[in-house]
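Here is the file run.txt (compact mmCIF, C-alpha atoms).
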# COMPACT_ATOMS: atom_id res chain seq x y z
CA MET V 1 54.63 100.32 97.18
CA THR V 2 56.10 100.28 100.70
CA ASN V 3 59.66 101.48 101.15
CA GLU V 4 61.07 98.67 103.28
CA ALA V 5 64.17 100.63 104.23
CA SER V 6 62.04 103.32 105.94
CA THR V 7 59.46 100.98 107.48
CA PRO V 8 60.02 100.16 111.17
CA ALA V 9 60.58 96.53 112.08
CA PRO V 10 57.59 94.83 113.71
CA VAL V 11 59.73 93.95 116.74
CA ARG V 12 61.93 95.98 119.06
CA VAL V 13 65.33 96.36 117.40
CA ARG V 14 68.22 98.03 119.18
CA PRO V 15 68.30 101.62 117.89
CA GLU V 16 71.99 101.45 116.99
CA ILE V 17 71.39 98.29 114.97
CA ALA V 18 68.34 99.77 113.25
CA SER V 19 70.49 102.66 112.06
CA LEU V 20 73.44 100.47 111.06
CA PRO V 21 73.69 100.08 107.29
CA PRO V 22 74.35 96.52 106.13
CA TYR V 23 77.76 95.64 104.73
CA LYS V 24 78.00 96.90 101.18
CA GLN V 25 79.55 94.38 98.83
CA GLY V 26 81.60 95.51 95.86
CA LYS V 27 79.30 96.18 92.93
CA GLN V 28 78.79 93.30 90.54
CA ALA V 29 79.88 93.65 86.92
CA GLY V 30 78.30 92.67 83.64
CA ALA V 31 79.85 90.09 81.35
CA ASP V 32 81.55 92.83 79.31
CA ALA V 33 83.07 94.72 82.26
CA PHE V 34 86.11 94.27 84.49
CA LYS V 35 85.02 93.65 88.09
CA LEU V 36 87.74 95.35 90.13
CA SER V 37 85.59 96.22 93.13
CA SER V 38 86.01 93.32 95.56
CA ASN V 39 89.74 92.42 95.67
CA GLU V 40 88.99 88.99 94.26
CA ASN V 41 91.57 86.75 92.66
CA PRO V 42 90.92 86.89 88.88
CA PHE V 43 92.28 83.36 88.32
CA GLU V 44 89.89 80.43 88.34
CA PRO V 45 90.44 77.83 91.08
CA LEU V 46 93.15 75.27 90.46
CA PRO V 47 91.86 72.09 88.76
CA ALA V 48 92.85 70.06 91.81
CA VAL V 49 90.71 72.28 94.01
CA ILE V 50 87.71 71.96 91.70
CA ASP V 51 88.09 68.18 91.63
CA ALA V 52 88.29 68.04 95.42
CA ILE V 53 85.14 70.13 95.83
CA ARG V 54 83.26 67.94 93.36
CA GLY V 55 84.26 64.92 95.40
CA GLU V 56 82.97 66.45 98.64
CA ILE V 57 79.32 65.55 98.08
CA THR V 58 78.11 64.55 101.54
CA ILE V 59 76.16 67.78 101.98
CA ASN V 60 73.46 65.85 103.82
CA ARG V 61 75.89 65.61 106.75
CA TYR V 62 77.16 68.35 108.99
CA PRO V 63 80.83 69.34 108.62
CA ASP V 64 83.41 68.95 111.36
CA ALA V 65 82.59 71.89 113.60
CA SER V 66 86.23 72.40 114.55
CA ALA V 67 87.69 72.01 111.04
CA ALA V 68 90.23 69.75 112.72
CA ARG V 69 92.05 68.65 109.56
CA LEU V 70 92.66 72.22 108.45
CA ARG V 71 93.64 73.34 111.93
CA ALA V 72 96.19 70.55 112.15
CA ARG V 73 97.61 71.40 108.76
CA LEU V 74 97.92 75.11 109.57
CA ALA V 75 99.45 74.27 112.95
CA GLU V 76 102.10 72.20 111.20
CA LYS V 77 102.70 74.94 108.64
CA TYR V 78 103.28 77.62 111.26
CA GLY V 79 104.85 75.59 114.04
CA VAL V 80 102.07 76.02 116.60
CA SER V 81 99.59 73.69 118.27
CA SER V 82 96.14 73.00 116.85
CA ASP V 83 94.63 74.77 119.86
CA GLU V 84 96.42 77.91 118.71
CA VAL V 85 94.55 77.84 115.37
CA HIS V 86 90.89 78.70 114.92
CA VAL V 87 89.13 78.44 111.56
CA GLY V 88 86.06 80.44 110.58
CA SER V 89 83.97 81.43 107.59
CA GLY V 90 86.39 84.12 106.49
CA SER V 91 88.64 86.35 108.56
CA VAL V 92 85.84 88.91 108.96
CA ALA V 93 83.76 86.31 110.81
CA LEU V 94 86.70 85.66 113.10
CA ILE V 95 87.04 89.36 113.89
CA ALA V 96 83.35 89.37 114.79
CA GLN V 97 83.85 86.41 117.12
CA LEU V 98 86.84 88.00 118.81
CA LEU V 99 85.04 91.29 119.35
CA LEU V 100 82.02 89.50 120.80
CA ALA V 101 84.40 87.76 123.18
CA VAL V 102 86.18 90.85 124.51
CA ALA V 103 84.03 93.95 123.97
CA GLY V 104 80.59 95.09 125.05
CA PRO V 105 78.66 98.24 126.02
CA GLY V 106 80.98 100.91 127.38
CA ASP V 107 84.07 99.35 125.79
CA ASP V 108 86.19 100.85 123.00
CA VAL V 109 87.71 99.28 119.91
CA ILE V 110 90.49 101.26 118.23
CA PHE V 111 91.37 101.07 114.55
CA ALA V 112 92.76 103.33 111.84
CA TRP V 113 90.42 105.14 109.49
CA ARG V 114 89.97 104.74 106.71
CA SER V 115 90.47 101.02 107.01
CA PHE V 116 88.32 97.93 106.38
CA GLU V 117 84.76 99.20 106.21
CA ALA V 118 83.33 96.29 108.22
CA TYR V 119 85.19 97.29 111.40
CA PRO V 120 82.64 99.88 112.64
CA GLY V 121 79.71 97.51 112.18
CA LEU V 122 81.53 94.58 113.77
CA THR V 123 82.30 96.82 116.74
CA LEU V 124 78.74 98.07 117.09
CA VAL V 125 77.07 94.65 117.12
CA PRO V 126 78.35 93.72 120.62
CA GLY V 127 77.53 97.26 121.78
CA ALA V 128 81.09 98.60 121.83
CA THR V 129 82.25 101.98 120.54
CA SER V 130 84.51 102.56 117.54
CA VAL V 131 87.51 104.81 118.07
CA LYS V 132 88.63 105.79 114.58
CA VAL V 133 92.15 107.20 114.39
CA PRO V 134 92.78 109.04 111.08
CA LEU V 135 95.52 107.79 108.79
CA THR V 136 98.51 110.06 108.26
CA ALA V 137 98.72 112.32 105.21
CA ASP V 138 100.54 109.54 103.34
CA PHE V 139 97.84 106.97 104.20
CA ALA V 140 99.77 105.17 106.95
CA HIS V 141 98.61 104.04 110.38
CA ASP V 142 99.30 106.80 112.93
CA LEU V 143 100.53 104.46 115.64
CA ASP V 144 101.45 107.28 118.03
CA ALA V 145 97.91 108.63 117.84
CA MET V 146 96.49 105.13 118.23
CA ALA V 147 98.59 104.56 121.34
CA ALA V 148 97.43 107.91 122.72
CA ALA V 149 93.81 106.85 122.17
CA ILE V 150 94.10 103.89 124.54
CA THR V 151 92.10 104.31 127.76
CA ASP V 152 90.82 102.09 130.54
CA ASN V 153 87.83 101.38 128.29
CA THR V 154 89.93 99.98 125.43
CA ARG V 155 89.32 96.28 124.90
CA ALA V 156 90.63 95.69 121.38
CA ILE V 157 92.80 97.27 118.71
CA ILE V 158 92.84 96.29 115.04
CA LEU V 159 95.88 96.86 112.82
CA CYS V 160 95.12 96.19 109.16
CA THR V 161 98.34 95.52 107.27
CA PRO V 162 98.32 95.82 104.29
CA ASN V 163 95.62 98.35 104.97
CA ASN V 164 92.35 97.96 103.10
CA PRO V 165 91.65 100.12 101.07
CA THR V 166 94.88 102.17 100.90
CA GLY V 167 97.40 99.31 100.54
CA GLY V 168 100.20 100.35 102.90
CA THR V 169 101.88 98.10 105.45
CA ILE V 170 103.24 98.61 108.95
CA SER V 171 106.85 97.70 109.64
CA THR V 172 107.82 95.02 112.14
CA ALA V 173 109.80 97.55 114.16
CA ALA V 174 106.85 99.96 114.31
CA VAL V 175 104.47 97.21 115.41
CA ARG V 176 106.82 96.08 118.16
CA ALA V 177 107.24 99.66 119.41
CA PHE V 178 103.47 100.13 119.37
CA LEU V 179 102.72 96.87 121.18
CA ALA V 180 105.12 97.86 123.95
CA LYS V 181 102.70 100.72 124.72
CA VAL V 182 99.57 98.54 124.75
CA PRO V 183 98.37 97.07 128.07
CA GLY V 184 98.79 93.32 128.09
CA ASP V 185 95.10 92.68 128.70
CA VAL V 186 94.00 94.52 125.53
CA LEU V 187 93.48 92.30 122.49
CA VAL V 188 95.42 93.36 119.40
CA MET V 189 94.38 91.89 116.06
CA LEU V 190 96.82 91.93 113.17
CA ASP V 191 94.50 91.69 110.19
CA GLU V 192 96.80 90.29 107.50
CA ALA V 193 94.22 89.29 104.89
CA TYR V 194 96.57 90.35 102.08
CA ALA V 195 99.82 89.03 103.57
CA GLU V 196 100.66 86.81 100.60
CA PHE V 197 100.94 89.84 98.29
CA VAL V 198 103.53 91.63 100.45
CA THR V 199 107.03 92.04 99.04
CA ALA V 200 108.41 94.80 101.31
CA ASP V 201 111.19 93.41 103.47
CA ASP V 202 110.33 95.48 106.53
CA ALA V 203 106.58 94.78 106.53
CA VAL V 204 105.32 92.99 109.61
CA ASP V 205 104.41 89.31 109.46
CA GLY V 206 102.99 88.56 112.87
CA ILE V 207 103.68 84.84 112.61
CA ARG V 208 107.12 84.85 110.98
CA ASP V 209 108.45 87.72 113.09
CA GLY V 210 107.70 86.12 116.47
CA ILE V 211 105.17 88.77 117.46
CA LEU V 212 102.80 86.17 118.88
CA THR V 213 105.49 84.79 121.16
CA GLU V 214 106.59 88.20 122.41
CA PHE V 215 103.07 89.55 122.89
CA PRO V 216 100.50 86.92 123.92
CA ASN V 217 97.68 89.47 123.65
CA VAL V 218 98.17 89.57 119.85
CA VAL V 219 96.43 87.35 117.28
CA VAL V 220 97.03 87.18 113.53
CA LEU V 221 94.21 86.80 111.03
CA ARG V 222 94.60 85.35 107.54
CA THR V 223 92.21 84.24 104.80
CA PHE V 224 91.94 81.87 101.86
CA SER V 225 89.70 84.34 100.02
CA LYS V 226 92.31 86.52 98.36
CA ALA V 227 95.61 84.92 97.34
CA TYR V 228 94.16 81.41 97.42
CA GLY V 229 91.12 82.38 95.37
CA LEU V 230 88.48 80.77 97.61
CA ALA V 231 86.38 83.89 98.24
CA GLY V 232 83.15 82.10 97.38
CA LEU V 233 83.74 79.33 99.92
CA ARG V 234 84.40 81.60 102.92
CA VAL V 235 87.26 80.20 104.98
CA GLY V 236 89.84 82.03 107.05
CA TYR V 237 91.85 81.46 110.20
CA VAL V 238 93.34 83.14 113.23
CA ILE V 239 96.48 82.13 115.09
CA GLY V 240 97.20 83.12 118.67
CA ASN V 241 97.00 82.24 122.33
CA ALA V 242 94.74 79.21 122.83
CA ARG V 243 92.76 80.84 125.65
CA ILE V 244 91.93 83.84 123.46
CA LEU V 245 90.87 81.54 120.64
CA ASP V 246 88.76 79.46 123.04
CA ALA V 247 86.80 82.62 123.81
CA ALA V 248 86.30 83.22 120.08
CA ARG V 249 85.24 79.61 119.57
CA SER V 250 82.60 80.14 122.26
CA THR V 251 81.02 83.01 120.31
CA ALA V 252 81.18 81.33 116.90
CA ILE V 253 78.10 80.25 115.00
CA PRO V 254 78.41 76.45 115.03
CA LEU V 255 79.16 74.55 111.82
CA SER V 256 79.80 77.68 109.75
CA VAL V 257 82.81 76.28 107.88
CA THR V 258 81.60 73.78 105.31
CA ALA V 259 83.34 70.53 104.44
CA GLN V 260 83.78 71.86 100.91
CA ALA V 261 85.59 74.94 102.21
CA GLU V 262 87.86 72.93 104.49
CA THR V 263 88.72 70.48 101.71
CA ALA V 264 89.41 73.27 99.23
CA ALA V 265 91.71 74.99 101.72
CA LEU V 266 93.62 71.78 102.35
CA VAL V 267 94.10 71.11 98.65
CA SER V 268 95.17 74.72 98.14
CA LEU V 269 97.86 74.24 100.76
CA ASP V 270 98.95 71.10 98.89
CA ASN V 271 99.36 73.23 95.76
CA GLU V 272 100.91 76.34 97.28
CA ALA V 273 103.72 76.43 94.72
CA GLN V 274 101.23 76.98 91.90
CA LEU V 275 99.28 79.52 93.89
CA LYS V 276 102.43 81.47 94.69
CA GLN V 277 103.15 81.66 90.97
CA ARG V 278 99.75 83.24 90.48
CA VAL V 279 100.37 85.67 93.31
CA ALA V 280 103.67 86.65 91.69
CA VAL V 281 101.79 87.43 88.47
CA LEU V 282 99.34 89.64 90.37
CA VAL V 283 102.19 91.42 92.16
CA GLU V 284 103.80 92.11 88.77
CA ARG V 285 100.50 93.48 87.45
CA ARG V 286 100.29 95.67 90.55
CA THR V 287 103.73 97.04 89.81
CA GLN V 288 102.78 97.66 86.18
CA LEU V 289 99.55 99.43 87.13
CA ILE V 290 101.17 101.69 89.73
CA SER V 291 104.00 102.57 87.35
CA ALA V 292 101.60 103.33 84.50
CA LEU V 293 99.33 105.46 86.68
CA ARG V 294 102.25 107.45 88.04
CA GLY V 295 103.60 107.83 84.53
CA ALA V 296 100.25 109.34 83.58
CA GLY V 297 100.61 111.97 86.29
CA ILE V 298 98.42 110.31 88.88
CA MET V 299 99.32 110.09 92.56
CA VAL V 300 99.18 106.48 93.78
CA PRO V 301 100.40 105.43 97.23
CA ASP V 302 102.63 102.38 97.47
CA SER V 303 100.54 99.22 97.78
CA GLU V 304 101.50 95.80 99.11
CA ALA V 305 98.05 94.32 98.52
CA ASN V 306 96.12 93.27 95.42
CA PHE V 307 94.62 96.72 94.90
CA VAL V 308 95.60 100.37 94.55
CA TRP V 309 94.12 103.54 96.04
CA LEU V 310 93.21 106.67 94.09
CA ALA V 311 92.48 109.63 96.38
CA PHE V 312 89.85 111.45 94.32
CA GLY V 313 88.36 113.10 97.41
CA ASP V 314 85.15 114.99 96.66
CA ASP V 315 85.35 113.84 93.04
CA THR V 316 85.22 110.15 93.97
CA MET V 317 81.67 109.34 92.92
CA ALA V 318 82.04 111.14 89.59
CA ALA V 319 85.26 109.21 88.99
CA ALA V 320 83.52 105.92 89.86
CA ALA V 321 80.79 106.73 87.33
CA ALA V 322 83.42 107.38 84.68
CA PHE V 323 85.06 104.03 85.39
CA GLU V 324 81.72 102.24 85.18
CA ALA V 325 80.90 103.97 81.90
CA GLY V 326 84.26 102.74 80.61
CA GLY V 327 83.54 99.13 81.57
CA VAL V 328 85.40 98.96 84.88
CA ILE V 329 83.64 98.46 88.21
CA VAL V 330 85.67 99.88 91.11
CA ARG V 331 84.98 100.41 94.81
CA PRO V 332 84.21 104.05 95.70
CA PHE V 333 84.36 105.54 99.18
CA ALA V 334 82.42 108.78 98.85
CA GLY V 335 84.46 111.88 99.60
CA GLU V 336 87.70 109.91 99.92
CA GLY V 337 88.81 107.77 97.01
CA LEU V 338 88.58 104.68 94.84
CA ARG V 339 89.97 101.23 95.46
CA VAL V 340 90.87 99.41 92.26
CA SER V 341 91.60 95.69 92.50
CA ILE V 342 94.34 94.04 90.47
CA GLY V 343 92.56 91.94 87.88
CA GLU V 344 93.06 90.68 84.37
CA ALA V 345 96.14 91.83 82.46
CA GLU V 346 93.90 93.47 79.87
CA SER V 347 92.37 95.71 82.54
CA ILE V 348 95.59 97.63 83.22
CA ASP V 349 95.55 99.85 80.13
CA VAL V 350 91.81 100.42 80.49
CA VAL V 351 92.15 101.52 84.12
CA VAL V 352 95.02 103.89 83.28
CA HIS V 353 93.14 105.39 80.33
CA ILE V 354 90.00 106.08 82.37
CA ALA V 355 91.90 107.39 85.38
CA ARG V 356 93.90 109.76 83.20
CA SER V 357 90.75 111.04 81.47
CA VAL V 358 89.22 111.82 84.87
CA VAL V 359 92.35 113.43 86.29
CA ASP V 360 92.67 115.65 83.21
CA THR V 361 89.38 117.29 84.20
CA LEU V 362 90.54 118.09 87.73
CA PRO V 363 92.15 121.38 88.75
CA GLU V 364 95.87 121.82 89.30
CA GLY V 365 96.77 121.03 92.88
CA HIS V 366 94.15 118.31 93.25
CA PRO V 367 95.48 115.61 95.66
CA VAL V 368 95.25 112.86 93.02
CA ARG V 369 97.44 114.77 90.60
CA GLY V 370 101.02 113.58 90.71
CA LEU V 371 104.07 114.62 88.73
CA ALA V 372 104.02 113.37 85.16
As a first step, turn the structure in this file into structure tokens.
Amino acid sequence: MTNEASTPAPVRVRPEIASLPPYKQGKQAGADAFKLSSNENPFEPLPAVIDAIRGEITINRYPDASAARLRARLAEKYGVSSDEVHVGSGSVALIAQLLLAVAGPGDDVIFAWRSFEAYPGLTLVPGATSVKVPLTADFAHDLDAMAAAITDNTRAIILCTPNNPTGGTISTAAVRAFLAKVPGDVLVMLDEAYAEFVTADDAVDGIRDGILTEFPNVVVLRTFSKAYGLAGLRVGYVIGNARILDAARSTAIPLSVTAQAETAALVSLDNEAQLKQRVAVLVERRTQLISALRGAGIMVPDSEANFVWLAFGDDTMAAAAAFEAGGVIVRPFAGEGLRVSIGEAESIDVVVHIARSVVDTLPEGHPVRGLA
């Protein structure tokens, strides 16, 4: 049987694309396991959202290519014009559009590492080069090092806050100080996919804090996938300078946001009070999980997202196997750590039990060992 992965394509593929591994989705889980690998919202969609989707049956017609209703609603919500809102099939698609608009061969894109695993691939597709700036020892963005990495070739910078997969945020003051060092013609993306889960008072909110007004080269990305629970419908948005968003609109795949996705997002905004209650429950579960893990002698960084980070280092894959054997599917990053999503309430004790059993096998001084 032919190994398709090792068989050359029958056409000329760019070498860098041929060697680029496809995006790896969080592993699926069986019916008897907790799926904590993809940062999904464990709650089912609101009944009103389900009813609205069922009523959106004209799938024989194309959707509104501009998602005008949703853009208008988001513009009203955030006090901007509709031209300053662009909707796409998830925030990751919008990042791809923005990078296609500003970066190409010979250009650099700077981001922290580790951060969202799609960034390197999204950078490579237009032919640009990733400049990965290591996180600090406490898993924070090293903004001084990122500023020092800026050159004449820099076209874009991505700040992921809360950072996926480590969970930390960047303060408003730190972002402002950093942006003052960035040339005004360099695009800065604030990737705030987990913004709704943030409770830290000093964490940046690019829209609320006036960052977009002060720095017109900045855009803010948000999504309906996480807090709003619409991951399967793929809808996100970016807010920023209309001319920047026009460039992104020019690179977008037409008609990629379905009518069902737009309708579900609109109804979700109509029912934000209920959704915020669900987010509050997930934040409380996050607090419980972090407290329980630390109480079990496990080092867990502060998280403002809907996941936690366990720095198992070289023992990561063995730890992931132990979690899977115990009925919990997590997201491993080989040689670095595990990301564990906040899920069902019943998963908390199971996660703590498995994590403790793994940590008990590790030597004293291991980075994931905390103080019990």
Self-check item: Residue neighbourhood Leu230 in chain V, 8 Å, all atoms listed in the file, exclusion window fewer than 6 positions, as a list of chain:residue names
Solution: V:Pro45, V:Phe224, V:Ala261, V:Ala264, V:Ala265
Practice problem: Would you kindly return, as a list in words, each protein, DNA or RNA residue with an atom no farther than 12 Å from any atom of range 12-16 of chain V, considering all atoms listed in the file and excluding same-chain residues fewer than 4 positions away? | Solution: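 The contact residues come out as Pro8, Leu20, Pro21, Pro105, Pro120, Gly121, Thr123, Leu124, Val125, Pro126, Gly127, Ala128 and Thr129 of chain V.
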Compile the contact shell of Val330 in chain V as an mmCIF file with C-alpha atoms, keeping the file's coordinate frame: residues with an atom at most 7 Å away, counting all atoms listed in the file, same-chain residues fewer than 3 positions apart removed.
data_model
loop_
_atom_site.group_PDB
_atom_site.id
_atom_site.type_symbol
_atom_site.label_atom_id
_atom_site.label_comp_id
_atom_site.auth_asym_id
_atom_site.auth_seq_id
_atom_site.Cartn_x
_atom_site.Cartn_y
_atom_site.Cartn_z
ATOM 1 C CA LYS V 35 85.020 93.650 88.090
ATOM 2 C CA LEU V 36 87.740 95.350 90.130
ATOM 3 C CA SER V 37 85.590 96.220 93.130
ATOM 4 C CA ALA V 320 83.520 105.920 89.860
ATOM 5 C CA LEU V 338 88.580 104.680 94.840
ATOM 6 C CA ARG V 339 89.970 101.230 95.460
ATOM 7 C CA VAL V 340 90.870 99.410 92.260
#
Practice problem: Just the residues within 10 Å of range 83-92 of chain V, please, counting only C-alpha atoms, with nothing from its chain fewer than 4 positions along; format it as number ranges by chain. | Solution: V: 65-68, 70-75, 78-79, 96-98, 116, 118-119, 122, 191-193, 219-225, 230-246, 248-249, 252-258, 261-262
Can you check which parts of range 197-243 of chain V lie within 9 Å of range 163-186 of chain V? Per residue, the shortest pair of atoms and distance in Å to one decimal, counting all atoms listed in the file, sorted by chain and number, as JSON lines.
{"residue": "V:Val198", "atom": "CA", "partner": "V:Thr169", "partner_atom": "CA", "distance": 8.3}
{"residue": "V:Ala200", "atom": "CA", "partner": "V:Thr169", "partner_atom": "CA", "distance": 8.4}
{"residue": "V:Asp201", "atom": "CA", "partner": "V:Ser171", "partner_atom": "CA", "distance": 8.7}
{"residue": "V:Asp202", "atom": "CA", "partner": "V:Ser171", "partner_atom": "CA", "distance": 5.2}
{"residue": "V:Ala203", "atom": "CA", "partner": "V:Ser171", "partner_atom": "CA", "distance": 4.3}
{"residue": "V:Val204", "atom": "CA", "partner": "V:Thr172", "partner_atom": "CA", "distance": 4.1}
{"residue": "V:Asp205", "atom": "CA", "partner": "V:Thr172", "partner_atom": "CA", "distance": 7.2}
{"residue": "V:Gly206", "atom": "CA", "partner": "V:Thr172", "partner_atom": "CA", "distance": 8.1}
{"residue": "V:Asp209", "atom": "CA", "partner": "V:Thr172", "partner_atom": "CA", "distance": 7.4}
{"residue": "V:Ile211", "atom": "CA", "partner": "V:Arg176", "partner_atom": "CA", "distance": 7.5}
{"residue": "V:Glu214", "atom": "CA", "partner": "V:Arg176", "partner_atom": "CA", "distance": 9.0}
{"residue": "V:Phe215", "atom": "CA", "partner": "V:Leu179", "partner_atom": "CA", "distance": 7.5}
{"residue": "V:Pro216", "atom": "CA", "partner": "V:Gly184", "partner_atom": "CA", "distance": 7.8}
{"residue": "V:Asn217", "atom": "CA", "partner": "V:Gly184", "partner_atom": "CA", "distance": 6.0}
{"residue": "V:Val218", "atom": "CA", "partner": "V:Val186", "partner_atom": "CA", "distance": 8.6}
Quiz prompt | Shortest interatomic distance to Gly297 in chain V - which of V:Ala227, V:Ala355, V:Ile342, V:Val133, counting all atoms listed in the file | solution =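 Residue with the minimum atom-to-atom distance to Gly297 in chain V: V:Ala355.
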Self-check item: Atomic separation - CA of Asp138 in chain V relative to CA of Ile290 in chain V, Å
Solution: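 Separation between CA of Ile290 in chain V and CA of Asp138 in chain V: 15.7 Å.
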Quiz prompt | Exercise: residues within 8 Å of coordinate (86.3, 93.7, 122.3), counting only C-alpha atoms, as a PyMOL selection string | solution = chain V and resi 98-104+107-109+123+128+154-156+187
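You will find CA of Arg285 in chain V at 9.1 Å from CA of Asn306 in chain V.
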